[in-house]
Amino acid sequence: MAGTRGAAWITATLLLALLLLAASTLAAAGRLEARAGSLLGGVAGAVDAAVRPVSEFVLSAGELRALADENARLKGELARLSSEVAALREERAASIQVEELLTAVEAAGLLPESADAPGRTPRVVSASVLARDPSPTRAELLIDRGRAHGVYVGQPVLGPAATLIGIIADADERSARVRLLIDVRSAVTSVVQGSRTPAALAGTAQGLRLEFVAPGAPVSVGDAVITSALGGRLPAGLLAGRIAAIHTEPHDLFATIEVEPLVDYNRLEQLLVLTDALPSALAGEASR
């Protein structure tokens with residue numbers, strides 16, 4: 001049965017071929033072929049137009065995925081480079097601040113030429129501010145230098161223009177706390193530079209003040225206030241501020257003298273600790 005059916009298909013195919021061969025000799029055969037070609041061309045064009053977007057989408061899907069991966073990689077690289085640039089800028093800013101501090105200290109004669117000699121404790125140690133005490137009743141900074149770097153309690157701390165900004169209040173192995181002059185617990189012996197009038201520079205809730213100055217003392221607005229060596233706690237001559245206002249009352253024992261700090265305590269980032277300027281009581285401890 002299957003053989004009969006196959007023979008029938010072969011016979012039909014041969015007959016169709018003969019008919020087409022015979023038709024090709026007719027005069028209208030060319031027109032028929034042209035029309036057939038035109039019809040088939042239109043059908044092929046329509047099929048191509050319908051299929052092309054799908055094929056292009058399939059082909060571009062892989063490219064889009066590759067582009068997305070490359071874009072993600074480039075974004076990650078950009079973020080890494082931006083982070084490195086920011087870190088380098090911060091290091092550069094810190095380096096510039098330290099250089100300015102050292103220049104000011106050297107100009108003030110606080111950094112001798114032998115400070116870098118082998119086996120000698122450096123006269124100054126640069127330190128970065130790590131944190132500020134958030135308490136409204138305290139004005140202290142945490143710095144990244146401690147006893148391992150020659151930093152001990154009582155040492156003076158300098159800010160911009162070699163200005164005294166505070167005293168080391170506590171020191172751990174690798175960190176220390178700086179009590180700023182504006183802290184209400186702070187008091188340092190000082191003198192008014194021009195008249196050599198002695199006083200105590202104290203921190204108050206309203207700012208810096210000179211205490212124990214008699215009314216009528218030879219002090220004026222704008223006079224510089226510097227540290228005194230009286231008591232052996234600090235080296236003499238460190239600039240701490242300038243007199244901003246003087247108030248006196250007839251029956252007051254002492255004048256009320258306001259002192260303007262020469263630095264912005266809220267913007268301190270790099271500091272210098274005078275590690276050679278130790279109170280006499282602590283000099284032996286630091287040398288051990």
# chains A, B, ... in the order shown; residues from 1 in each chain; ligands from 1
>>> residues_around(residues="Val192 of chain A", least_positions_apart="2", cutoff="10 Å", atoms="only C-alpha atoms", output="PyMOL selection string")
chain A and resi 190+194-199+210+218-220+223-228+241-243
>>> atom_distance(atom1="atom CA of Leu272 of chain A", atom2="atom CA of Gly159 of chain A")
6.6 Å
>>> residues_around(residues="segment 147-152 of chain A", least_positions_apart="2", cutoff="7 Å", atoms="only C-alpha atoms", output="PyMOL selection string")
chain A and resi 145+154-155+168+171-174+275
>>> residues_around(residues="Leu208 of chain A", least_positions_apart="5", cutoff="8 Å", atoms="only C-alpha atoms", output="list of chain:residue names")
A:Leu181, A:Ile182, A:Leu201, A:Ala202, A:Gly203, A:Glu258, A:Val259, A:Glu260, A:Pro261
>>> atom_distance(atom1="atom CA of Arg185 of chain A", atom2="atom CA of Asp133 of chain A")
14.0 Å
>>> atom_distance(atom1="atom CA of Leu164 of chain A", atom2="atom CA of Val213 of chain A")
20.8 Å
>>> select_by_dssp(residues="segment 215-283 of chain A", states="helix (DSSP H, G or I)", output="PDB file with all heavy atoms, in the first residue's frame")
ATOM      1  N   TYR A 265      38.141  77.492  67.172  1.00  0.00           N
ATOM      2  CA  TYR A 265      38.265  76.184  67.826  1.00  0.00           C
ATOM      3  C   TYR A 265      37.393  75.116  67.166  1.00  0.00           C
ATOM      4  O   TYR A 265      37.673  73.921  67.304  1.00  0.00           O
ATOM      5  CB  TYR A 265      37.886  76.304  69.299  1.00  0.00           C
ATOM      6  CG  TYR A 265      38.894  77.057  70.130  1.00  0.00           C
ATOM      7  CD1 TYR A 265      38.667  78.385  70.505  1.00  0.00           C
ATOM      8  CD2 TYR A 265      40.081  76.466  70.541  1.00  0.00           C
ATOM      9  CE1 TYR A 265      39.587  79.085  71.259  1.00  0.00           C
ATOM     10  CE2 TYR A 265      41.015  77.158  71.289  1.00  0.00           C
ATOM     11  CZ  TYR A 265      40.762  78.469  71.647  1.00  0.00           C
ATOM     12  OH  TYR A 265      41.695  79.167  72.385  1.00  0.00           O
ATOM     13  N   ASN A 266      36.363  75.510  66.466  1.00  0.00           N
ATOM     14  CA  ASN A 266      35.472  74.544  65.823  1.00  0.00           C
ATOM     15  C   ASN A 266      36.023  74.005  64.506  1.00  0.00           C
ATOM     16  O   ASN A 266      35.462  73.061  63.951  1.00  0.00           O
ATOM     17  CB  ASN A 266      34.099  75.180  65.565  1.00  0.00           C
ATOM     18  CG  ASN A 266      33.373  75.506  66.850  1.00  0.00           C
ATOM     19  OD1 ASN A 266      33.391  74.722  67.791  1.00  0.00           O
ATOM     20  ND2 ASN A 266      32.730  76.675  66.892  1.00  0.00           N
ATOM     21  N   ARG A 267      37.104  74.595  64.015  1.00  0.00           N
ATOM     22  CA  ARG A 267      37.635  74.183  62.716  1.00  0.00           C
ATOM     23  C   ARG A 267      39.045  73.607  62.802  1.00  0.00           C
ATOM     24  O   ARG A 267      39.708  73.457  61.791  1.00  0.00           O
ATOM     25  CB  ARG A 267      37.616  75.370  61.747  1.00  0.00           C
ATOM     26  CG  ARG A 267      36.222  75.948  61.517  1.00  0.00           C
ATOM     27  CD  ARG A 267      36.224  77.024  60.464  1.00  0.00           C
ATOM     28  NE  ARG A 267      36.594  76.509  59.167  1.00  0.00           N
ATOM     29  CZ  ARG A 267      36.676  77.239  58.063  1.00  0.00           C
ATOM     30  NH1 ARG A 267      36.439  78.545  58.115  1.00  0.00           N
ATOM     31  NH2 ARG A 267      37.018  76.699  56.913  1.00  0.00           N
ATOM     32  N   SER A 280      57.659  70.192  85.070  1.00  0.00           N
ATOM     33  CA  SER A 280      58.809  69.602  85.759  1.00  0.00           C
ATOM     34  C   SER A 280      58.453  68.304  86.459  1.00  0.00           C
ATOM     35  O   SER A 280      59.266  67.386  86.542  1.00  0.00           O
ATOM     36  CB  SER A 280      59.362  70.608  86.767  1.00  0.00           C
ATOM     37  OG  SER A 280      58.336  71.025  87.674  1.00  0.00           O
ATOM     38  N   ALA A 281      57.224  68.178  86.949  1.00  0.00           N
ATOM     39  CA  ALA A 281      56.828  66.980  87.674  1.00  0.00           C
ATOM     40  C   ALA A 281      56.741  65.764  86.767  1.00  0.00           C
ATOM     41  O   ALA A 281      56.829  64.623  87.228  1.00  0.00           O
ATOM     42  CB  ALA A 281      55.491  67.203  88.370  1.00  0.00           C
ATOM     43  N   LEU A 282      56.556  66.001  85.455  1.00  0.00           N
ATOM     44  CA  LEU A 282      56.378  64.898  84.529  1.00  0.00           C
ATOM     45  C   LEU A 282      57.607  64.625  83.676  1.00  0.00           C
ATOM     46  O   LEU A 282      57.639  63.679  82.913  1.00  0.00           O
ATOM     47  CB  LEU A 282      55.184  65.179  83.596  1.00  0.00           C
ATOM     48  CG  LEU A 282      53.823  65.295  84.287  1.00  0.00           C
ATOM     49  CD1 LEU A 282      52.776  65.673  83.263  1.00  0.00           C
ATOM     50  CD2 LEU A 282      53.448  64.005  84.981  1.00  0.00           C
ATOM     51  N   ALA A 283      58.618  65.472  83.787  1.00  0.00           N
ATOM     52  CA  ALA A 283      59.804  65.321  82.944  1.00  0.00           C
ATOM     53  C   ALA A 283      60.482  63.979  83.193  1.00  0.00           C
ATOM     54  O   ALA A 283      60.927  63.281  82.276  1.00  0.00           O
ATOM     55  CB  ALA A 283      60.775  66.457  83.177  1.00  0.00           C
TER      56      ALA A 283
END
>>> select_by_dssp(residues="segment 136-261 of chain A", states="strand (DSSP E or B)", output="ChimeraX atom specification")
/A:140-143,156-158,164-171,176-180,187-192,197-204,207-211,224-227,239-247,256-260
>>> residues_around(residues="Leu142 of chain A", least_positions_apart="3", cutoff="8 Å", atoms="only C-alpha atoms", output="JSON list (two decimals) with C-alpha atoms, in the first residue's frame")
[["chain", "number", "residue", "atom", "x", "y", "z"],
["A", 129, "VAL", "CA", 41.88, 65.73, 65.52],
["A", 130, "LEU", "CA", 39.82, 62.54, 65.73],
["A", 131, "ALA", "CA", 36.78, 63.77, 67.64],
["A", 132, "ARG", "CA", 35.29, 66.65, 69.63],
["A", 133, "ASP", "CA", 33.62, 66.25, 72.99],
["A", 175, "SER", "CA", 45.74, 58.88, 71.69],
["A", 176, "ALA", "CA", 45.27, 61.86, 73.97],
["A", 177, "ARG", "CA", 42.68, 64.42, 75.03],
["A", 178, "VAL", "CA", 43.32, 68.13, 74.60]]
